[in-house]
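Undergrad: Okay, so here is entry_15.pdb, and as you'll see once you scroll down, it has PDB, C-alpha atoms, pLDDT in the B column.
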```pdb
ATOM      1  CA  MET A 282    -128.340 -45.883  19.276  1.00 61.00           C
ATOM      2  CA  ALA A 283    -130.611 -48.756  18.291  1.00 64.00           C
ATOM      3  CA  ILE A 284    -132.653 -48.382  15.137  1.00 73.00           C
ATOM      4  CA  SER A 285    -136.336 -49.167  15.504  1.00 82.00           C
ATOM      5  CA  ALA A 286    -138.007 -51.606  13.164  1.00 84.00           C
ATOM      6  CA  PRO A 287    -140.032 -50.258  10.236  1.00 87.00           C
ATOM      7  CA  PRO A 288    -143.741 -49.799  10.990  1.00 86.00           C
ATOM      8  CA  HIS A 289    -144.611 -52.576   8.509  1.00 89.00           C
ATOM      9  CA  PRO A 290    -142.605 -55.521   7.199  1.00 92.00           C
ATOM     10  CA  LEU A 291    -140.661 -54.907   4.014  1.00 95.00           C
ATOM     11  CA  PRO A 292    -141.091 -54.690   1.089  1.00 97.00           C
ATOM     12  CA  VAL A 293    -142.790 -51.309   0.999  1.00 97.00           C
ATOM     13  CA  THR A 294    -146.077 -51.314  -0.927  1.00 98.00           C
ATOM     14  CA  ASN A 295    -148.550 -48.630  -1.980  1.00 98.00           C
ATOM     15  CA  GLU A 296    -150.476 -49.405   1.204  1.00 98.00           C
ATOM     16  CA  THR A 297    -147.443 -48.920   3.481  1.00 98.00           C
ATOM     17  CA  VAL A 298    -145.296 -46.319   1.686  1.00 98.00           C
ATOM     18  CA  LYS A 299    -146.648 -43.289   3.568  1.00 97.00           C
ATOM     19  CA  ASP A 300    -146.049 -44.930   6.996  1.00 97.00           C
ATOM     20  CA  PHE A 301    -142.536 -45.965   5.916  1.00 97.00           C
ATOM     21  CA  TYR A 302    -141.817 -42.427   4.685  1.00 98.00           C
ATOM     22  CA  GLU A 303    -143.004 -40.939   8.000  1.00 97.00           C
ATOM     23  CA  TRP A 304    -140.890 -43.454   9.966  1.00 96.00           C
ATOM     24  CA  LEU A 305    -137.635 -43.182   7.996  1.00 95.00           C
ATOM     25  CA  PHE A 306    -137.047 -39.552   7.098  1.00 97.00           C
ATOM     26  CA  ALA A 307    -136.010 -36.537   9.160  1.00 96.00           C
ATOM     27  CA  PRO A 308    -138.524 -33.729   9.711  1.00 97.00           C
ATOM     28  CA  TRP A 309    -136.630 -31.338   7.401  1.00 96.00           C
ATOM     29  CA  VAL A 310    -136.885 -33.850   4.539  1.00 97.00           C
ATOM     30  CA  LYS A 311    -140.644 -34.018   5.015  1.00 97.00           C
ATOM     31  CA  GLU A 312    -140.800 -30.214   4.840  1.00 97.00           C
ATOM     32  CA  ILE A 313    -139.974 -30.285   1.116  1.00 97.00           C
ATOM     33  CA  GLY A 314    -143.530 -31.535   0.670  1.00 97.00           C
ATOM     34  CA  LEU A 315    -143.244 -34.741  -1.347  1.00 98.00           C
ATOM     35  CA  ARG A 316    -146.698 -36.207  -1.966  1.00 98.00           C
ATOM     36  CA  ASP A 317    -148.691 -38.661  -4.094  1.00 98.00           C
ATOM     37  CA  PHE A 318    -146.362 -41.594  -3.469  1.00 98.00           C
ATOM     38  CA  SER A 319    -146.563 -44.663  -5.671  1.00 98.00           C
ATOM     39  CA  VAL A 320    -144.343 -47.746  -5.528  1.00 98.00           C
ATOM     40  CA  ALA A 321    -143.899 -50.982  -7.446  1.00 98.00           C
ATOM     41  CA  PRO A 322    -141.086 -53.537  -7.185  1.00 98.00           C
ATOM     42  CA  GLY A 323    -137.874 -51.602  -7.827  1.00 98.00           C
ATOM     43  CA  GLN A 324    -139.659 -48.302  -8.469  1.00 98.00           C
ATOM     44  CA  ALA A 325    -140.951 -45.275  -6.582  1.00 98.00           C
ATOM     45  CA  ILE A 326    -142.634 -42.090  -7.781  1.00 98.00           C
ATOM     46  CA  ALA A 327    -143.628 -38.923  -5.924  1.00 98.00           C
ATOM     47  CA  VAL A 328    -144.609 -35.352  -6.711  1.00 98.00           C
ATOM     48  CA  LEU A 329    -142.411 -32.461  -5.582  1.00 98.00           C
ATOM     49  CA  PRO A 330    -144.671 -29.402  -5.475  1.00 97.00           C
ATOM     50  CA  GLN A 331    -143.494 -25.902  -6.289  1.00 95.00           C
ATOM     51  CA  SER A 332    -143.238 -23.824  -3.134  1.00 93.00           C
ATOM     52  CA  GLU A 333    -141.788 -20.390  -2.486  1.00 92.00           C
ATOM     53  CA  LYS A 334    -139.967 -21.710   0.579  1.00 93.00           C
ATOM     54  CA  LEU A 335    -137.941 -24.049  -1.691  1.00 93.00           C
ATOM     55  CA  GLN A 336    -136.966 -21.435  -4.274  1.00 93.00           C
ATOM     56  CA  PHE A 337    -134.042 -19.128  -4.912  1.00 90.00           C
ATOM     57  CA  VAL A 338    -134.762 -15.443  -5.500  1.00 91.00           C
ATOM     58  CA  SER A 339    -135.024 -16.345  -9.218  1.00 91.00           C
ATOM     59  CA  GLY A 340    -138.049 -18.548  -8.525  1.00 92.00           C
ATOM     60  CA  ALA A 341    -136.260 -21.828  -9.331  1.00 94.00           C
ATOM     61  CA  VAL A 342    -136.347 -24.657  -6.804  1.00 96.00           C
ATOM     62  CA  CYS A 343    -132.811 -25.007  -5.449  1.00 95.00           C
ATOM     63  CA  GLY A 344    -130.643 -27.998  -6.317  1.00 96.00           C
ATOM     64  CA  GLN A 345    -130.329 -29.131  -2.701  1.00 96.00           C
ATOM     65  CA  VAL A 346    -134.098 -29.664  -2.597  1.00 97.00           C
ATOM     66  CA  ILE A 347    -134.082 -31.606  -5.861  1.00 98.00           C
ATOM     67  CA  MET A 348    -131.184 -33.789  -4.680  1.00 98.00           C
ATOM     68  CA  SER A 349    -132.995 -34.459  -1.393  1.00 98.00           C
ATOM     69  CA  ALA A 350    -136.182 -35.374  -3.252  1.00 98.00           C
ATOM     70  CA  VAL A 351    -134.243 -37.721  -5.546  1.00 98.00           C
ATOM     71  CA  ASP A 352    -132.488 -39.397  -2.607  1.00 98.00           C
ATOM     72  CA  THR A 353    -135.767 -39.777  -0.730  1.00 98.00           C
ATOM     73  CA  VAL A 354    -137.656 -41.321  -3.641  1.00 98.00           C
ATOM     74  CA  ALA A 355    -134.683 -43.575  -4.457  1.00 98.00           C
ATOM     75  CA  SER A 356    -134.720 -44.771  -0.828  1.00 98.00           C
ATOM     76  CA  LEU A 357    -138.359 -45.730  -1.247  1.00 98.00           C
ATOM     77  CA  ALA A 358    -137.570 -47.619  -4.479  1.00 98.00           C
ATOM     78  CA  VAL A 359    -134.845 -49.577  -2.694  1.00 98.00           C
ATOM     79  CA  ALA A 360    -137.287 -50.367   0.135  1.00 97.00           C
ATOM     80  CA  THR A 361    -139.453 -52.328  -2.307  1.00 97.00           C
ATOM     81  CA  THR A 362    -137.173 -55.286  -1.584  1.00 94.00           C
ATOM     82  CA  GLU A 363    -137.103 -57.280   1.648  1.00 91.00           C
ATOM     83  CA  ARG A 364    -133.772 -55.808   2.798  1.00 91.00           C
ATOM     84  CA  LEU A 365    -133.454 -52.489   4.581  1.00 90.00           C
ATOM     85  CA  ALA A 366    -130.731 -50.358   3.010  1.00 94.00           C
ATOM     86  CA  ARG A 367    -128.044 -48.812   5.222  1.00 94.00           C
ATOM     87  CA  GLY A 368    -128.088 -45.598   3.215  1.00 94.00           C
ATOM     88  CA  THR A 369    -126.877 -43.746   0.173  1.00 97.00           C
ATOM     89  CA  VAL A 370    -123.211 -44.221  -0.682  1.00 97.00           C
ATOM     90  CA  TYR A 371    -123.210 -42.340  -3.985  1.00 98.00           C
ATOM     91  CA  GLN A 372    -125.363 -39.776  -5.763  1.00 98.00           C
ATOM     92  CA  HIS A 373    -124.525 -37.873  -8.922  1.00 98.00           C
ATOM     93  CA  THR A 374    -127.080 -35.414 -10.234  1.00 98.00           C
ATOM     94  CA  HIS A 375    -127.155 -33.493 -13.521  1.00 98.00           C
ATOM     95  CA  PHE A 376    -129.360 -30.399 -13.597  1.00 98.00           C
ATOM     96  CA  LEU A 377    -130.681 -29.845 -17.113  1.00 98.00           C
ATOM     97  CA  ARG A 378    -132.929 -26.804 -16.714  1.00 97.00           C
ATOM     98  CA  PRO A 379    -134.201 -24.486 -13.972  1.00 96.00           C
ATOM     99  CA  ALA A 380    -136.967 -26.055 -11.895  1.00 96.00           C
ATOM    100  CA  MET A 381    -139.504 -23.260 -12.308  1.00 93.00           C
ATOM    101  CA  SER A 382    -143.253 -22.842 -12.646  1.00 87.00           C
ATOM    102  CA  SER A 383    -144.457 -26.441 -12.366  1.00 94.00           C
ATOM    103  CA  ASP A 384    -144.714 -29.218  -9.833  1.00 97.00           C
ATOM    104  CA  MET A 385    -142.250 -32.005 -10.562  1.00 98.00           C
ATOM    105  CA  ARG A 386    -142.472 -35.769 -10.843  1.00 98.00           C
ATOM    106  CA  VAL A 387    -139.601 -37.641  -9.196  1.00 98.00           C
ATOM    107  CA  GLU A 388    -139.187 -41.226 -10.402  1.00 99.00           C
ATOM    108  CA  ALA A 389    -136.549 -43.672  -9.216  1.00 98.00           C
ATOM    109  CA  ASN A 390    -135.947 -47.091 -10.753  1.00 98.00           C
ATOM    110  CA  VAL A 391    -133.622 -49.722  -9.342  1.00 98.00           C
ATOM    111  CA  LEU A 392    -131.398 -50.940 -12.157  1.00 98.00           C
ATOM    112  CA  ARG A 393    -129.917 -53.775 -10.096  1.00 97.00           C
ATOM    113  CA  PHE A 394    -130.356 -55.205  -6.626  1.00 96.00           C
ATOM    114  CA  GLY A 395    -126.922 -56.629  -5.854  1.00 95.00           C
ATOM    115  CA  LYS A 396    -125.603 -58.630  -2.924  1.00 95.00           C
ATOM    116  CA  SER A 397    -124.284 -55.599  -1.044  1.00 97.00           C
ATOM    117  CA  SER A 398    -125.725 -52.630  -2.929  1.00 97.00           C
ATOM    118  CA  ALA A 399    -128.471 -51.406  -5.227  1.00 98.00           C
ATOM    119  CA  PHE A 400    -128.013 -49.154  -8.260  1.00 98.00           C
ATOM    120  CA  ILE A 401    -130.711 -46.618  -9.053  1.00 98.00           C
ATOM    121  CA  GLU A 402    -131.504 -44.193 -11.864  1.00 98.00           C
ATOM    122  CA  ALA A 403    -133.753 -41.225 -11.096  1.00 98.00           C
ATOM    123  CA  LYS A 404    -135.417 -38.602 -13.248  1.00 98.00           C
ATOM    124  CA  VAL A 405    -137.076 -35.355 -12.275  1.00 98.00           C
ATOM    125  CA  THR A 406    -139.543 -34.033 -14.838  1.00 98.00           C
ATOM    126  CA  PHE A 407    -142.072 -31.218 -14.942  1.00 98.00           C
ATOM    127  CA  LEU A 408    -145.450 -32.684 -14.108  1.00 97.00           C
ATOM    128  CA  ALA A 409    -147.250 -30.561 -16.705  1.00 96.00           C
ATOM    129  CA  SER A 410    -144.935 -30.980 -19.712  1.00 97.00           C
ATOM    130  CA  GLY A 411    -142.811 -34.043 -18.967  1.00 98.00           C
ATOM    131  CA  GLU A 412    -139.628 -32.048 -19.720  1.00 98.00           C
ATOM    132  CA  LEU A 413    -136.543 -33.404 -17.972  1.00 98.00           C
ATOM    133  CA  VAL A 414    -135.295 -31.176 -15.137  1.00 98.00           C
ATOM    134  CA  ALA A 415    -132.639 -33.430 -13.563  1.00 98.00           C
ATOM    135  CA  HIS A 416    -131.153 -36.908 -13.942  1.00 98.00           C
ATOM    136  CA  ALA A 417    -129.333 -38.840 -11.213  1.00 98.00           C
ATOM    137  CA  SER A 418    -127.441 -42.056 -10.585  1.00 98.00           C
ATOM    138  CA  LEU A 419    -127.353 -43.448  -7.052  1.00 98.00           C
ATOM    139  CA  GLU A 420    -125.973 -46.398  -5.120  1.00 98.00           C
ATOM    140  CA  PHE A 421    -127.345 -47.657  -1.810  1.00 98.00           C
ATOM    141  CA  ALA A 422    -125.549 -50.058   0.535  1.00 97.00           C
ATOM    142  CA  PHE A 423    -127.215 -53.024   2.234  1.00 94.00           C
TER     143      PHE A 423
END
```
In structure tokens, how does this file's structure come out?
TA:
Amino acid sequence: MAISAPPHPLPVTNETVKDFYEWLFAPWVKEIGLRDFSVAPGQAIAVLPQSEKLQFVSGAVCGQVIMSAVDTVASLAVATTERLARGTVYQHTHFLRPAMSSDMRVEANVLRFGKSSAFIEAKVTFLASGELVAHASLEFAF
């Protein structure tokens, strides 16, 4: 299967991030509701809203959703370079507290763009308080 070209030339910018997001990600990823995208070289930020459809019976957003949000925002951070990544090769996430009662800010920062991979650090914090919910390390292959 041939991969289509991105809708705009890389790198992704604030003007093109929404089109890139719509082009790259599967429909189920978009259903988690990420919004308010912002990018800068080596960085991407989005808001993950609270939603009952993303929660356990306890009311906490499930870890799979948080990991998907982290991977998605990290992908956008990597796309702020002129090379299209081949995908995630590593993700390690620490969950520090239940993700309850507040929308969350997901921020990914590229620590290093290497020859064959990029290394990213991501943080998920409550939008209202800034408290850390999760921390992740990722690697993407080029």
Undergrad: Env of Tyr371 in chain A: 9 Å cut, atoms = all atoms listed in the file, seq-sep filter 5 positions within chain, self excluded. Answer as a list in words.
TA: Ser418, Leu419, Glu420 and Phe421 of chain A
Undergrad: May I have the residues within 8 Å of Ala380 in chain A as a PyMOL selection string, using only C-alpha atoms and disregarding those fewer than 6 positions away in the same chain?
TA: chain A and resi 341-343+407+414
Undergrad: Grab the CA of Ala389 in chain A to CA of Asp300 in chain A distance for me, in Å with one decimal place.
TA: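 Spanning CA of Ala389 in chain A to CA of Asp300 in chain A is a straight-line distance of 18.8 Å.
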Undergrad: In terms of the shortest atom-to-atom distance over all atoms listed in the file, which of A:Arg386, A:Arg367, A:Arg393, A:Lys299 is closest to Thr406 in chain A?
TA: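 Nearest candidate to Thr406 in chain A out of A:Arg386, A:Arg367, A:Arg393, A:Lys299: A:Arg386.
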Undergrad: For Ala350 in chain A, which residue out of A:Pro308, A:Gly323, A:Gly395, A:Gly314 is the nearest one, using all atoms listed in the file?
TA: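 Closest to Ala350 in chain A, using all atoms listed in the file: A:Gly314.
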Undergrad: Just say which residues the PyMOL selection byres ((chain A and resi 376) around 7) picks in this file, as a list in words.
TA: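 In the shown coordinates, the PyMOL selection byres ((chain A and resi 376) around 7) covers Thr374, His375, Leu377, Arg378, Val414, Ala415 and His416 of chain A.
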Undergrad: I'd like the residues picked by the PyMOL selection byres ((chain A and resi 363) around 9) written out as a PyMOL selection string, using the chain letters and numbers from the file.
TA: chain A and resi 290-293+360-362+364-365
Undergrad: Calculate how many Å separate CA of Phe423 in chain A from CA of Val391 in chain A, rounding to one decimal.
TA: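 Computed distance, CA of Phe423 in chain A to CA of Val391 in chain A, equals 13.6 Å.
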Undergrad: Between A:Val354, A:Ile284, A:Ala399, A:Val405, which is the closest to Ala325 in chain A once you count only C-alpha atoms?
TA: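 Residue with the minimum atom-to-atom distance to Ala325 in chain A: A:Val354.
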Undergrad: When you draw a straight line from CA of Trp304 in chain A to CA of Phe394 in chain A, how long is it in Å?
TA: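 CA of Phe394 in chain A lies 22.9 Å from CA of Trp304 in chain A.
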Undergrad: Which one of A:Met381, A:Val320, A:Tyr302, A:Thr369 sits closest to Ser339 in chain A if you count all atoms listed in the file?
TA: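 Among the listed residues, A:Met381 lies closest to Ser339 in chain A.
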Undergrad: Let me have the centre and edge lengths in Å, one decimal, of the box along x, y and z around every listed atom of range 304-317 of chain A with 4 Å of margin on each side, as lines of an AutoDock Vina configuration file.
TA:
```
center_x = -142.4
center_y = -36.8
center_z = 2.9
size_x = 20.7
size_y = 21.2
size_z = 22.1
```
